[in-house]
Structure formats: C-alpha cells, structure tokens
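Pasting model38.txt here (compact mmCIF, C-alpha atoms):
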```txt
# COMPACT_ATOMS: atom_id res chain seq x y z
CA MET A 383 120.83 -46.66 -67.09
CA LYS A 384 119.03 -47.40 -63.82
CA ASN A 385 117.09 -50.17 -65.59
CA ILE A 386 120.45 -51.65 -66.63
CA VAL A 387 121.70 -51.52 -63.04
CA LEU A 388 118.52 -53.24 -61.86
CA LEU A 389 118.93 -56.00 -64.44
CA PHE A 390 122.53 -56.47 -63.37
CA LEU A 391 121.69 -56.72 -59.69
CA LEU A 392 118.90 -59.19 -60.41
CA SER A 393 121.33 -61.25 -62.49
CA ILE A 394 123.92 -61.33 -59.70
CA THR A 395 121.22 -62.26 -57.18
CA GLN A 396 120.11 -65.17 -59.32
CA LEU A 397 123.73 -66.37 -59.65
CA LEU A 398 124.35 -66.16 -55.91
CA LEU A 399 121.06 -67.83 -55.06
CA GLY A 400 121.08 -70.25 -57.97
CA GLN A 401 119.55 -73.00 -55.89
CA GLN A 402 116.31 -71.03 -55.66
CA LYS A 403 114.00 -71.45 -58.62
CA GLY A 404 111.41 -69.11 -60.02
CA LEU A 405 111.21 -65.40 -60.69
CA PRO A 406 110.33 -62.53 -58.32
CA PHE A 407 106.88 -60.99 -58.55
CA ILE A 408 106.99 -57.94 -60.80
CA GLN A 409 104.26 -55.31 -61.02
CA ASN A 410 104.35 -52.82 -63.90
CA TYR A 411 102.73 -49.37 -63.78
CA THR A 412 101.93 -47.23 -66.81
CA PRO A 413 102.27 -43.43 -66.91
CA GLN A 414 98.48 -43.24 -66.89
CA GLU A 415 98.43 -45.11 -63.58
CA TYR A 416 101.15 -43.13 -61.83
CA GLN A 417 100.00 -39.75 -63.26
CA GLY A 418 103.41 -38.77 -64.61
CA GLN A 419 105.50 -38.73 -67.77
CA ARG A 420 107.33 -41.73 -69.21
CA GLN A 421 110.78 -40.68 -68.00
CA ASN A 422 111.77 -41.43 -64.41
CA TRP A 423 115.31 -40.31 -63.60
CA ALA A 424 115.84 -41.56 -60.05
CA ALA A 425 114.12 -43.54 -57.30
CA ASP A 426 114.45 -43.86 -53.54
CA GLN A 427 112.60 -45.29 -50.55
CA ASP A 428 112.22 -43.78 -47.08
CA GLU A 429 112.28 -45.50 -43.69
CA ASN A 430 108.51 -46.10 -43.90
CA GLY A 431 108.73 -47.93 -47.21
CA VAL A 432 107.26 -45.08 -49.28
CA MET A 433 108.76 -44.85 -52.76
CA TYR A 434 109.74 -41.59 -54.49
CA PHE A 435 110.50 -41.10 -58.18
CA ALA A 436 112.12 -38.16 -59.97
CA ASN A 437 109.79 -37.72 -62.92
CA THR A 438 109.81 -35.32 -65.85
CA LYS A 439 106.53 -33.94 -64.50
CA GLY A 440 107.53 -33.67 -60.83
CA LEU A 441 107.87 -35.84 -57.71
CA LEU A 442 105.97 -39.13 -57.81
CA ILE A 443 105.06 -40.74 -54.48
CA TYR A 444 103.86 -44.33 -54.05
CA ASN A 445 102.82 -45.74 -50.66
CA GLY A 446 102.09 -49.24 -51.94
CA GLU A 447 98.46 -48.49 -52.69
CA GLU A 448 98.12 -45.01 -54.20
CA TRP A 449 100.17 -42.73 -56.44
CA GLN A 450 100.55 -39.01 -55.82
CA LEU A 451 102.20 -36.31 -57.92
CA VAL A 452 103.55 -33.10 -56.39
CA ARG A 453 105.17 -30.45 -58.52
CA LEU A 454 107.89 -27.86 -58.12
CA PRO A 455 106.79 -24.22 -57.95
CA ASN A 456 108.15 -23.67 -61.48
CA LYS A 457 106.27 -26.81 -62.71
CA GLY A 458 109.60 -28.16 -63.96
CA HIS A 459 111.01 -31.65 -64.08
CA ILE A 460 112.95 -33.41 -61.32
CA ARG A 461 116.19 -35.11 -62.35
CA SER A 462 117.52 -36.41 -59.01
CA LEU A 463 116.43 -37.06 -55.43
CA ASP A 464 117.40 -38.53 -52.07
CA ALA A 465 114.96 -39.30 -49.25
CA ALA A 466 116.51 -38.75 -45.81
CA GLY A 467 115.43 -37.61 -42.36
CA GLY A 468 111.79 -37.12 -43.28
CA ARG A 469 112.63 -34.95 -46.27
CA ILE A 470 112.85 -35.65 -49.99
CA TYR A 471 115.74 -33.63 -51.38
CA VAL A 472 115.35 -32.96 -55.10
CA GLY A 473 117.14 -31.32 -57.99
CA GLY A 474 115.32 -29.98 -61.03
CA ASN A 475 115.89 -27.30 -63.65
CA ASN A 476 117.26 -24.11 -62.06
CA GLU A 477 115.81 -25.39 -58.79
CA LEU A 478 117.03 -27.44 -55.83
CA GLY A 479 115.57 -27.98 -52.38
CA PHE A 480 113.36 -30.42 -50.51
CA PHE A 481 109.79 -31.57 -50.02
CA GLU A 482 108.48 -32.10 -46.49
CA LYS A 483 105.17 -33.58 -45.38
CA LYS A 484 103.22 -31.72 -42.72
CA SER A 485 99.56 -32.15 -41.79
CA GLY A 486 99.19 -34.66 -44.60
CA GLN A 487 100.41 -32.25 -47.31
CA PHE A 488 103.77 -31.97 -49.07
CA SER A 489 105.32 -28.50 -49.08
CA TYR A 490 108.41 -27.44 -51.00
CA HIS A 491 111.35 -25.45 -49.64
CA SER A 492 113.92 -24.07 -52.06
CA LEU A 493 117.62 -24.03 -51.21
CA ALA A 494 118.67 -22.19 -54.37
CA ASN A 495 119.17 -19.00 -52.37
CA HIS A 496 122.28 -20.58 -50.82
CA LEU A 497 124.07 -20.42 -54.18
CA PRO A 498 126.13 -17.39 -55.23
CA ASP A 499 124.49 -15.11 -57.80
CA SER A 500 127.05 -16.13 -60.42
CA LEU A 501 125.66 -19.68 -60.35
CA SER A 502 121.95 -18.85 -60.26
CA ASN A 503 121.24 -20.04 -63.82
CA PHE A 504 122.55 -23.57 -63.31
CA GLY A 505 120.21 -25.69 -65.43
CA ARG A 506 119.70 -29.33 -64.53
CA VAL A 507 120.69 -30.95 -61.24
CA TRP A 508 121.83 -34.45 -62.17
CA THR A 509 122.75 -35.75 -58.71
CA THR A 510 121.30 -35.16 -55.25
CA LEU A 511 122.95 -36.92 -52.30
CA TYR A 512 122.39 -36.59 -48.55
CA HIS A 513 125.46 -37.48 -46.49
CA GLN A 514 126.36 -36.84 -42.85
CA GLY A 515 124.11 -33.86 -42.28
CA SER A 516 124.62 -32.13 -45.63
CA ILE A 517 123.06 -32.30 -49.10
CA TYR A 518 125.22 -32.37 -52.21
CA PHE A 519 123.83 -31.18 -55.54
CA GLN A 520 125.65 -31.65 -58.85
CA THR A 521 124.93 -29.77 -62.06
CA ASP A 522 126.77 -29.63 -65.40
CA THR A 523 129.19 -27.00 -64.06
CA PHE A 524 129.41 -27.15 -60.26
CA VAL A 525 128.85 -29.12 -57.05
CA ALA A 526 127.12 -27.51 -54.08
CA LYS A 527 127.08 -28.62 -50.45
CA ILE A 528 124.39 -27.23 -48.15
CA SER A 529 124.06 -28.19 -44.49
CA GLU A 530 120.77 -29.72 -43.37
CA ASP A 531 119.88 -26.68 -41.25
CA GLY A 532 120.96 -24.26 -44.00
CA SER A 533 123.61 -22.60 -41.86
CA GLU A 534 126.57 -23.50 -44.08
CA SER A 535 127.13 -23.89 -47.80
CA LYS A 536 130.01 -24.39 -50.22
CA THR A 537 130.39 -24.73 -53.98
CA TRP A 538 133.06 -26.23 -56.24
CA SER A 539 133.36 -25.06 -59.85
CA GLY A 540 135.80 -23.74 -62.45
CA TRP A 541 136.71 -26.84 -64.43
CA ASN A 542 135.51 -25.23 -67.69
CA THR A 543 134.17 -28.54 -68.96
CA ARG A 544 131.09 -30.59 -68.28
CA ILE A 545 130.78 -32.53 -65.04
CA TRP A 546 129.22 -35.92 -65.61
CA LYS A 547 128.48 -37.44 -62.21
CA LEU A 548 129.01 -37.00 -58.49
CA LEU A 549 129.56 -40.42 -56.89
CA LEU A 550 129.68 -41.61 -53.29
CA LEU A 551 131.64 -44.75 -52.37
CA ASN A 552 132.68 -45.83 -48.87
CA ASN A 553 131.94 -42.36 -47.44
CA THR A 554 134.18 -40.72 -50.05
CA PHE A 555 132.93 -38.45 -52.83
CA TYR A 556 134.24 -38.83 -56.37
CA LEU A 557 133.60 -36.56 -59.32
CA ASN A 558 133.65 -37.90 -62.87
CA ILE A 559 134.67 -35.26 -65.42
CA PRO A 560 135.29 -37.09 -68.72
CA LYS A 561 137.89 -34.62 -70.04
CA ILE A 562 139.84 -34.79 -66.77
CA GLY A 563 139.13 -38.18 -65.25
CA LEU A 564 138.16 -39.08 -61.70
CA LEU A 565 138.50 -36.55 -58.87
CA GLN A 566 138.25 -37.26 -55.15
CA LEU A 567 137.10 -34.98 -52.34
CA ASN A 568 140.03 -34.93 -49.91
CA GLU A 569 140.17 -34.20 -46.18
CA GLN A 570 140.87 -30.53 -46.91
CA GLY A 571 137.54 -30.25 -48.69
CA GLU A 572 138.87 -29.96 -52.24
CA PHE A 573 138.38 -32.11 -55.32
CA VAL A 574 141.74 -33.40 -56.56
CA GLU A 575 142.77 -35.93 -59.17
CA THR A 576 143.20 -39.48 -57.90
CA THR A 577 146.07 -41.83 -58.69
CA ILE A 578 143.74 -43.65 -61.10
CA SER A 579 142.26 -40.48 -62.60
CA SER A 580 143.58 -41.09 -66.11
CA LYS A 581 141.89 -44.49 -66.24
CA PHE A 582 138.53 -42.74 -66.11
CA ARG A 583 139.40 -40.10 -68.73
CA GLY A 584 136.89 -40.17 -71.58
CA VAL A 585 134.52 -42.27 -69.48
CA ALA A 586 130.98 -41.21 -68.54
CA THR A 587 130.42 -43.05 -65.25
CA GLU A 588 126.83 -43.35 -64.07
CA PHE A 589 127.65 -45.40 -60.97
CA LEU A 590 130.62 -46.72 -59.04
CA PHE A 591 130.62 -49.43 -56.41
CA GLU A 592 133.00 -51.92 -54.89
CA LEU A 593 132.65 -55.60 -55.75
CA ASP A 594 135.17 -58.04 -54.25
CA GLU A 595 138.55 -56.39 -54.95
CA PHE A 596 137.68 -54.07 -57.80
CA PHE A 597 135.51 -51.12 -58.77
CA LEU A 598 132.58 -51.72 -61.09
CA PHE A 599 131.36 -48.89 -63.28
CA GLU A 600 129.77 -48.01 -66.60
CA LYS A 601 131.99 -47.49 -69.64
CA ASP A 602 130.77 -46.87 -73.19
CA GLU A 603 127.23 -48.08 -72.44
CA ALA A 604 128.55 -51.32 -70.92
CA LEU A 605 130.00 -52.49 -67.61
CA ALA A 606 133.70 -52.42 -66.82
CA HIS A 607 135.86 -53.03 -63.79
CA PHE A 608 139.09 -51.53 -62.56
CA LYS A 609 141.62 -53.93 -61.06
CA ASN A 610 145.42 -54.07 -60.93
CA GLU A 611 145.75 -50.68 -62.66
CA GLN A 612 143.72 -51.89 -65.65
CA VAL A 613 140.23 -51.18 -66.97
CA LEU A 614 138.70 -54.37 -68.34
CA PRO A 615 135.25 -55.42 -69.59
CA PHE A 616 133.08 -57.00 -66.92
CA GLU A 617 132.28 -60.37 -68.45
CA ASN A 618 129.46 -62.53 -67.14
CA GLU A 619 126.43 -64.43 -68.37
CA ALA A 620 124.35 -61.24 -68.47
CA SER A 621 126.89 -59.11 -70.42
CA SER A 622 125.14 -59.29 -73.79
CA ILE A 623 121.79 -58.36 -72.21
CA LEU A 624 123.30 -55.47 -70.27
CA GLU A 625 125.06 -54.05 -73.34
```

Rendering of file as structure tokens:
Amino acid sequence: MKNIVLLFLLSITQLLLGQQKGLPFIQNYTPQEYQGQRQNWAADQDENGVMYFANTKGLLIYNGEEWQLVRLPNKGHIRSLDAAGGRIYVGGNNELGFFEKKSGQFSYHSLANHLPDSLSNFGRVWTTLYHQGSIYFQTDTFVAKISEDGSESKTWSGWNTRIWKLLLLNNTFYLNIPKIGLLQLNEQGEFVETTISSKFRGVATEFLFELDEFFLFEKDEALAHFKNEQVLPFENEASSILE
C-alpha cells in the first residue's frame, strides 16, 4: 500500500509541476544489498536525514552510504515505526519500544511492561505514532498510549472486533474499525463514533489525509474521497495504475 501512496504522490507532483520535464532520479536496492527480507512495512526519516525501515527481519538503517540491520531481542519482525526525538519507536510481534543510538551503537528499550497483564500477548503492532510527547501503538485489539518518559500510560480496548488502523489527521486521532466505522479520540480521551462513522463501515483505511475540501483514503484497494456526505471514487489520470 505504501508503494501505491508513493505512486499517487509522484503523480500529483507531476500534475502540479507539469511544466517541468523529466523524471526524478530513482535508486533501487535489493534485499541482498540492504541485508533484510523483501517485505518493508514502514519507512521514516530523522532530522539528520537517516532513513529507517520496518523490515520483516528487523530495523533497517540507511545513512545514504551504508545499510545497517539491528534486530529486536526476540529476533522478530518490525511492522511499524516512527523516528522522533533521537529515538526510533517500533512495533513488532508481542514487542513494542524504541531503539536509541549511544556511543555509535543502537540499543533497544522495551515498553511492553507498561501494558496490563491481560494484554501481554498482543501479536502484531500495525501502527506506531509519536505525537506531543507520547507514543501510540495500535494492535489488532487495542491502542496504547505511553508517555515519552514512561511515567504515564493508557490503553483502549473492548471492541470485540479487529482494529484496522490508527490514523492521525490535523492533530486528531481516528480509529478505523471496519465493523463499526470511524472513531475519533475526543477531548475527554475516549474513542467515540464520528458523524461520518457509517461512511467508513466496511472500509479498511490504510491512510487518511486532507486534500482541498475532502478526505482522501483507501477503499477496496483503490482511492476514494469523502465530500458532501458522500464517498466517491477518486478519479484522475493515475487511477487505473493505482488500482
């Protein structure tokens, strides 16, 4: 899906800058070169330009010249990440925490101990987001918020159906649960259904962002937009490629 988003953004860029000719320089790297598996689930870049990739084998790091692979203590995969404040927050399989570089070496610090015992066997962490001094982790069954210094934590659960994606738009968190719809984290710190919740029922939304006067999101392996209380296909010159 992230490749689809990249293609879309490149397409929009070309449309907006149509007067410029040519293609951007693209460098491809094989799994043999970057020392990891074929599947990369997420990517981010820190303030120094270093790239990080959530790989099936672990955390891939690329500084523009060399690749490095660092692994979780349980040697498991990494499904999500977010680089912020000198740390790389990651979510794997029954593991969540952060990598930190000291004296030239990356060390791992688990935050799983902040979860209640009833949620200890949580499986995969599909979303990791740093926002305003806290880290949010989303699994199939719950969302956890842990403060940067580890002094506070909170979890949301109990929907008895699979959570698909935790989304952040305009400093507001949304939670896509296909059997329920779209939930919003309110000022009281609770996830509640939005006025447009039913429009997202049955939809597995990988991303959500604002474009002009409507929301753009994924629907049924294609792009759709929400405008004037309607969900409509997002039609453009790249639609057939994106689908």

From CA of Ser502 in chain A to CA of Lys483 in chain A the spacing works out at 26.8 Å

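Across the structure, CA of Phe589 in chain A and CA of Thr521 in chain A are spaced 15.9 Å apart.
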
Shortest contact to Ser539 in chain A, candidates A:Phe481, A:Arg420, A:Thr554, A:Ser500, atoms counted all atoms listed in the file, goes to A:Ser500

One residue among A:Pro406, A:Pro413, A:Gly486, A:Gly468 is nearest to Gly431 in chain A when using only C-alpha atoms, and that residue is A:Gly468

Between CA of Asn456 in chain A and CA of Ser533 in chain A, measure the distance and give it in Å to one decimal.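 CA of Ser533 in chain A lies 25.0 Å from CA of Asn456 in chain A.
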
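Between Gly584 in chain A and the residues A:Ile460, A:Ala606, A:Val525, A:Ile559, the shortest atom-to-atom distance, using all atoms listed in the file, involves A:Ile559.
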
I'd like the neighbourhood of Glu477 in chain A as number ranges by chain, where a residue qualifies if any of its atoms comes within 12 Å (using all atoms listed in the file), though same-chain residues fewer than 2 positions away should be ignored. A: 440, 453-462, 471-475, 479-480, 490-497, 501-508, 510, 519-521

Nearest to Tyr556 in chain A: which of A:Asp426, A:Asp522, A:Glu575, A:Glu482 is it, counting all atoms listed in the file?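 So, comparing all the options, the nearest one is A:Glu575.
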
- Task: Please provide as JSON, numbers by chain all residues within 12 Å of Gly467 in chain A, with the sequence filter that same-chain residues fewer than 4 positions apart are discarded (counting only C-alpha atoms).
- Result: {"A": [427, 428, 429, 430, 471, 480, 481, 482, 483, 512, 513, 514, 515, 516, 517, 530, 531]}

Note to self: Could you list, as an MDAnalysis selection string, every residue within 6 Å of Tyr444 in chain A, counting all atoms listed in the file and ignoring same-chain residues fewer than 2 positions away?
What the structure shows: chainID A and resid 432:433 446 448:449

With a distance cut-off of 9 Å and only C-alpha atoms, select the neighbouring residues of Leu557 in chain A, excluding the residue or stretch itself and same-chain residues fewer than 2 positions from it, and output the selection as a count of residues only.
14

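A search radius of 10 Å centred on (128.8, -20.6, -49.3), applied to all atoms listed in the file, returns the residues His496, Leu497, Pro498, Ala526, Lys527, Ile528, Ser533, Glu534, Ser535, Lys536, Thr537 and Trp538 of chain A.
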
Expected file: the selected residues, C-alpha atoms, as a CSV table (one decimal), in the frame of the given file:
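Okay, this is what ended up in part.csv:
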```csv
chain,number,residue,atom,x,y,z
A,496,HIS,CA,122.3,-20.6,-50.8
A,497,LEU,CA,124.1,-20.4,-54.2
A,498,PRO,CA,126.1,-17.4,-55.2
A,526,ALA,CA,127.1,-27.5,-54.1
A,527,LYS,CA,127.1,-28.6,-50.4
A,528,ILE,CA,124.4,-27.2,-48.2
A,533,SER,CA,123.6,-22.6,-41.9
A,534,GLU,CA,126.6,-23.5,-44.1
A,535,SER,CA,127.1,-23.9,-47.8
A,536,LYS,CA,130.0,-24.4,-50.2
A,537,THR,CA,130.4,-24.7,-54.0
A,538,TRP,CA,133.1,-26.2,-56.2
```

Report task. Name the closest residue to Leu605 in chain A among the candidates A:Gln409, A:Thr577, A:Gln417, A:Asn618; distances are taken between atoms, counting only C-alpha atoms. Result ->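 Checking each candidate against Leu605 in chain A, we get A:Asn618 as the closest.
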
ask   = Restricting the calculation to only C-alpha atoms, which member of A:Glu625, A:Ile562, A:Asn568, A:Ala436 is positioned closest to Ala586 in chain A?
value =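 Of the candidates, the smallest distance to Ala586 in chain A is held by A:Ile562.
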